[in-house]
Amino acid sequence: MKKFFKKNWVSGIVIIAFSLFVVLSFIIDYQPGQSIFKEHFYSFFKEMILFLPIMFILIGLGDVWIHRKKVEKHIGKDSGIKGIIIVIFLSMAQVGPLYGAFPVTYLLWNKGASIRNLFIYIGAFCTIKIPMLTFEIGFLGLKFSLLRTLFSLPIIILIAILMERILKKKGFEVKQP
Amino acid sequence: MELLTLIAAIAIITSLIFDRKKTWVGIKKGTLMFLKILPVIVSVLIFVSVLLYFVPNELIVEYLGDEAGFSGYIFAALAGSVALIPGIIAYPLAGILVENGVSYPVIAVFITTLMMVGIMTLPIEIKYFGVRVSLIRNTLYLLGALVIGILIGLFYSL
């Protein structure tokens with residue numbers, strides 16, 4: 001517990017200050033303060049608080065059930081093209097904001113995924129997850145969406161290969177916060 | 001969201017059927033991981049909320065909407081990297097931008113940087129990857145997003 005406070009004192013101050021600010025804004029009827037809370041913070045918070053706990057429970061369950069050997073075999077160091085395809089499909093099925101993907105990479109890393117596949121996961125998560133594509137096609141059209149996906153895929157794979165090259169011998173690890 | 005809840009419910013029930021003890025260990029582990037990262041996430045959301053109040057959507061439209069020259073790309077990349085807008089809001093906004101005469105390549109740069117680069121979420125990313133790796137990732141992804149935008153631009157100008 002003590003360690004937790006020590007690690008998060010900056011966030012702690014920010015959260016306490018913001019809470020005071022919001023409460024005060026409602027008491028003295030300060031409009032900007034109320035609008036920051038109602039229009040921005042609350043909508044973010046709602047998205048996060050509905051989505052992340054479920055996500056983390058799934059990650060926890062994955063942690064106890066998934067066998068390292070299996071993950072290593074399919075998306076580990078020597079997994080090749082098949083590994084890339086598995087990771088891309090895995091990330092396409094994801095939902096939510098980017099910061100929800102980091103804990104998943106922690107799980108994958110912990111179970112023996114390769115550096116390359118880890119960053120392919122993040123890249124595909126950013127660019128071609130299915131819920132996002134449906135939105136994109138709706139608002140920007142199929143042509144745009146197809147082009148973007150087509151160009152994004154090789155680039156994220158290239159970046160992932162580059163990341164692996166850079167980080168391979170540098171003691172890279174995904175930490176658990 | 002409903003789908004995710006459904007998947008989680010099925011996962012928990014199946015897990016309970018096979019091994020009660022293991023299930024609780026897993027749920028406890030997940031909850032603990034969540035609580036540990038929660039303070040950083042909440043403070044990032046606070047910061048973004050305050051920032052968004054000062055930089056409303058209309059301002060972004062104004063800067064990208066005028067003439068989509070080279071500065072349009074740069075501004076799109078900057079706005080996309082800094083902003084933290086969920087897809088539900090980002091795509092309708094992109095739709096409005098297109099209707100207001102912003103070109104598709106600029107939109108592509110905005111959307112790709114928005115999704116791939118996270119300056120605001122760096123504090124969260126650093127907790128997992130460390131400072132150096134997070135910076136490398138964001139830099140490479142920024143370059144990647146620009147390349148994607150330019151490629152889409154070439155294609156649209158054909």
# chains A, B, ... in the order shown; residues from 1 in each chain; ligands from 1
$ interface_residues --of "chain B" --to "chain A" --cutoff "8 Å" --atoms "only C-alpha atoms" --output "PyMOL selection string"
chain B and resi 1+4-5+8+11-12+15+22-23+25-31+33-34+36-37+39-40+42-43+45-46+48-50+52-53+86-88+91-92+94-95+104+108+112+115-116+121+124-125+127-130+137+140-141+144+148+151-152
$ residues_around --residues "Thr113 in chain B" --least-positions-apart "5" --cutoff "12 Å" --atoms "only C-alpha atoms" --output "ChimeraX atom specification"
/A:98,123,126-127,152 /B:73-85,90,106-108,118-119,138-149
$ select_by_dssp --residues "chain A" --states "alpha helix (DSSP H)" --output "ChimeraX atom specification"
/A:2-7,9-27,31-35,42-65,68-75,80-92,101-110,115-128,130-140,142-167
$ write_last_selection --atoms "C-alpha atoms" --output "tab-separated table (two decimals), in the first residue's frame"
chain	number	residue	atom	x	y	z
A	2	LYS	CA	2.77	2.39	0.98
A	3	LYS	CA	4.60	1.56	-2.23
A	4	PHE	CA	1.43	2.28	-4.20
A	5	PHE	CA	1.18	5.82	-2.79
A	6	LYS	CA	4.86	6.43	-3.25
A	7	LYS	CA	4.67	5.42	-6.90
A	9	TRP	CA	1.98	10.66	-5.72
A	10	VAL	CA	1.91	12.86	-8.84
A	11	SER	CA	-1.34	11.30	-10.04
A	12	GLY	CA	-2.67	11.55	-6.49
A	13	ILE	CA	-2.10	15.29	-6.36
A	14	VAL	CA	-3.66	15.78	-9.81
A	15	ILE	CA	-6.73	13.76	-8.88
A	16	ILE	CA	-7.27	15.48	-5.52
A	17	ALA	CA	-6.76	18.95	-7.03
A	18	PHE	CA	-9.18	18.20	-9.86
A	19	SER	CA	-11.81	16.80	-7.49
A	20	LEU	CA	-11.62	19.94	-5.36
A	21	PHE	CA	-11.81	22.11	-8.47
A	22	VAL	CA	-14.91	20.32	-9.74
A	23	VAL	CA	-16.70	20.36	-6.38
A	24	LEU	CA	-15.91	24.05	-5.98
A	25	SER	CA	-17.09	24.76	-9.54
A	26	PHE	CA	-20.47	23.29	-8.70
A	27	ILE	CA	-20.72	25.11	-5.38
A	31	GLN	CA	-19.31	27.38	-15.72
A	32	PRO	CA	-15.93	26.40	-17.30
A	33	GLY	CA	-15.25	24.00	-14.43
A	34	GLN	CA	-18.63	22.36	-14.82
A	35	SER	CA	-18.23	22.06	-18.58
A	42	TYR	CA	-17.20	12.41	-17.57
A	43	SER	CA	-17.50	11.01	-21.11
A	44	PHE	CA	-13.88	9.79	-21.05
A	45	PHE	CA	-14.29	8.36	-17.59
A	46	LYS	CA	-17.47	6.52	-18.53
A	47	GLU	CA	-15.81	4.92	-21.54
A	48	MET	CA	-12.82	3.88	-19.45
A	49	ILE	CA	-14.62	2.63	-16.33
A	50	LEU	CA	-17.05	0.47	-18.32
A	51	PHE	CA	-14.40	-1.05	-20.47
A	52	LEU	CA	-11.12	-1.43	-18.61
A	53	PRO	CA	-12.18	-3.54	-15.60
A	54	ILE	CA	-13.68	-6.16	-17.93
A	55	MET	CA	-10.56	-6.04	-20.05
A	56	PHE	CA	-8.30	-6.55	-17.03
A	57	ILE	CA	-10.38	-9.43	-15.66
A	58	LEU	CA	-10.00	-11.14	-19.05
A	59	ILE	CA	-6.26	-10.50	-18.89
A	60	GLY	CA	-6.12	-11.95	-15.37
A	61	LEU	CA	-7.98	-15.06	-16.50
A	62	GLY	CA	-5.73	-15.33	-19.52
A	63	ASP	CA	-2.76	-15.14	-17.19
A	64	VAL	CA	-3.84	-18.18	-15.17
A	65	TRP	CA	-5.19	-20.30	-18.02
A	68	ARG	CA	3.34	-20.19	-22.04
A	69	LYS	CA	4.53	-23.05	-24.22
A	70	LYS	CA	1.54	-22.74	-26.55
A	71	VAL	CA	1.85	-18.97	-26.96
A	72	GLU	CA	5.57	-19.31	-27.50
A	73	LYS	CA	5.03	-21.90	-30.19
A	74	HIS	CA	2.42	-19.90	-32.11
A	75	ILE	CA	3.57	-16.29	-31.76
A	80	GLY	CA	7.21	-16.77	-38.76
A	81	ILE	CA	4.40	-15.65	-41.07
A	82	LYS	CA	1.80	-17.78	-39.30
A	83	GLY	CA	2.56	-15.95	-36.06
A	84	ILE	CA	2.11	-12.59	-37.77
A	85	ILE	CA	-1.28	-13.62	-39.16
A	86	ILE	CA	-2.47	-14.91	-35.77
A	87	VAL	CA	-1.47	-11.68	-34.03
A	88	ILE	CA	-3.17	-9.52	-36.68
A	89	PHE	CA	-6.44	-11.43	-36.34
A	90	LEU	CA	-6.19	-11.29	-32.56
A	91	SER	CA	-5.83	-7.52	-32.55
A	92	MET	CA	-8.53	-6.98	-35.16
A	101	ALA	CA	-3.84	-2.53	-25.54
A	102	PHE	CA	-0.76	-2.09	-23.33
A	103	PRO	CA	-1.89	-4.47	-20.58
A	104	VAL	CA	-2.62	-7.06	-23.28
A	105	THR	CA	0.95	-6.72	-24.56
A	106	TYR	CA	2.10	-7.33	-21.00
A	107	LEU	CA	0.17	-10.62	-20.99
A	108	LEU	CA	1.48	-11.62	-24.44
A	109	TRP	CA	5.05	-10.77	-23.50
A	110	ASN	CA	4.75	-12.66	-20.25
A	115	ILE	CA	9.08	-8.51	-29.78
A	116	ARG	CA	8.08	-8.31	-33.42
A	117	ASN	CA	4.67	-9.86	-32.85
A	118	LEU	CA	4.12	-7.64	-29.82
A	119	PHE	CA	4.49	-4.51	-31.91
A	120	ILE	CA	2.52	-5.97	-34.79
A	121	TYR	CA	-0.23	-6.46	-32.23
A	122	ILE	CA	-0.08	-2.81	-31.18
A	123	GLY	CA	0.14	-1.61	-34.78
A	124	ALA	CA	-2.81	-3.66	-35.97
A	125	PHE	CA	-4.73	-2.67	-32.87
A	126	CYS	CA	-4.19	0.99	-33.74
A	127	THR	CA	-5.04	0.74	-37.39
A	128	ILE	CA	-7.35	-2.10	-38.33
A	130	ILE	CA	-12.89	-4.23	-36.76
A	131	PRO	CA	-15.12	-1.95	-34.61
A	132	MET	CA	-13.04	0.98	-35.82
A	133	LEU	CA	-13.23	-0.07	-39.48
A	134	THR	CA	-17.02	-0.24	-39.42
A	135	PHE	CA	-17.12	3.32	-38.10
A	136	GLU	CA	-14.58	4.47	-40.63
A	137	ILE	CA	-16.42	2.97	-43.60
A	138	GLY	CA	-19.62	4.62	-42.37
A	139	PHE	CA	-18.16	8.10	-42.14
A	140	LEU	CA	-15.34	8.17	-44.69
A	142	LEU	CA	-15.10	2.07	-48.24
A	143	LYS	CA	-12.44	3.34	-50.66
A	144	PHE	CA	-10.67	5.38	-47.98
A	145	SER	CA	-10.86	2.58	-45.46
A	146	LEU	CA	-9.53	-0.04	-47.87
A	147	LEU	CA	-6.65	2.15	-48.99
A	148	ARG	CA	-5.71	3.02	-45.43
A	149	THR	CA	-5.76	-0.63	-44.34
A	150	LEU	CA	-3.79	-1.70	-47.40
A	151	PHE	CA	-1.03	0.85	-46.77
A	152	SER	CA	-1.06	0.48	-42.98
A	153	LEU	CA	-0.46	-3.26	-42.83
A	154	PRO	CA	2.97	-3.42	-44.50
A	155	ILE	CA	4.10	-0.30	-42.64
A	156	ILE	CA	3.21	-1.59	-39.18
A	157	ILE	CA	4.89	-4.92	-39.97
A	158	LEU	CA	7.97	-3.07	-41.17
A	159	ILE	CA	8.06	-0.93	-38.03
A	160	ALA	CA	7.64	-4.03	-35.86
A	161	ILE	CA	10.60	-5.71	-37.57
A	162	LEU	CA	12.60	-2.52	-37.06
A	163	MET	CA	11.60	-2.36	-33.39
A	164	GLU	CA	12.76	-5.94	-32.93
A	165	ARG	CA	16.10	-5.13	-34.54
A	166	ILE	CA	16.57	-2.12	-32.28
A	167	LEU	CA	15.47	-3.76	-29.05
$ closest_residue --among "B:Glu58, B:Ala9, B:Pro123, B:Val117" --to "Leu93 in chain B" --atoms "only C-alpha atoms"
B:Glu58
$ atom_distance --atom1 "CA of Val133 in chain B" --atom2 "CA of Ser114 in chain A"
15.2 Å
$ decode --residues "range 22-43 of chain B" --atoms "C-alpha atoms" --output "PDB file, in the first residue's frame"
ATOM      1  CA  LYS B  22      -7.840 -20.597 -10.473  1.00  0.00           C
ATOM      2  CA  THR B  23     -10.692 -18.318 -11.543  1.00  0.00           C
ATOM      3  CA  TRP B  24     -10.514 -16.270  -8.363  1.00  0.00           C
ATOM      4  CA  VAL B  25      -6.743 -15.989  -8.646  1.00  0.00           C
ATOM      5  CA  GLY B  26      -7.189 -14.714 -12.204  1.00  0.00           C
ATOM      6  CA  ILE B  27      -9.903 -12.202 -11.335  1.00  0.00           C
ATOM      7  CA  LYS B  28      -7.900 -10.957  -8.378  1.00  0.00           C
ATOM      8  CA  LYS B  29      -4.823 -10.574 -10.536  1.00  0.00           C
ATOM      9  CA  GLY B  30      -6.738  -8.633 -13.176  1.00  0.00           C
ATOM     10  CA  THR B  31      -8.415  -6.339 -10.652  1.00  0.00           C
ATOM     11  CA  LEU B  32      -5.091  -5.612  -8.976  1.00  0.00           C
ATOM     12  CA  MET B  33      -3.450  -4.742 -12.297  1.00  0.00           C
ATOM     13  CA  PHE B  34      -6.382  -2.430 -13.024  1.00  0.00           C
ATOM     14  CA  LEU B  35      -6.177  -0.645  -9.664  1.00  0.00           C
ATOM     15  CA  LYS B  36      -2.442  -0.185 -10.043  1.00  0.00           C
ATOM     16  CA  ILE B  37      -2.717   1.640 -13.385  1.00  0.00           C
ATOM     17  CA  LEU B  38      -5.961   3.507 -12.544  1.00  0.00           C
ATOM     18  CA  PRO B  39      -4.388   6.625 -10.935  1.00  0.00           C
ATOM     19  CA  VAL B  40      -2.235   7.299 -14.013  1.00  0.00           C
ATOM     20  CA  ILE B  41      -5.158   6.800 -16.383  1.00  0.00           C
ATOM     21  CA  VAL B  42      -7.461   9.085 -14.384  1.00  0.00           C
ATOM     22  CA  SER B  43      -4.873  11.848 -14.229  1.00  0.00           C
TER      23      SER B  43
END
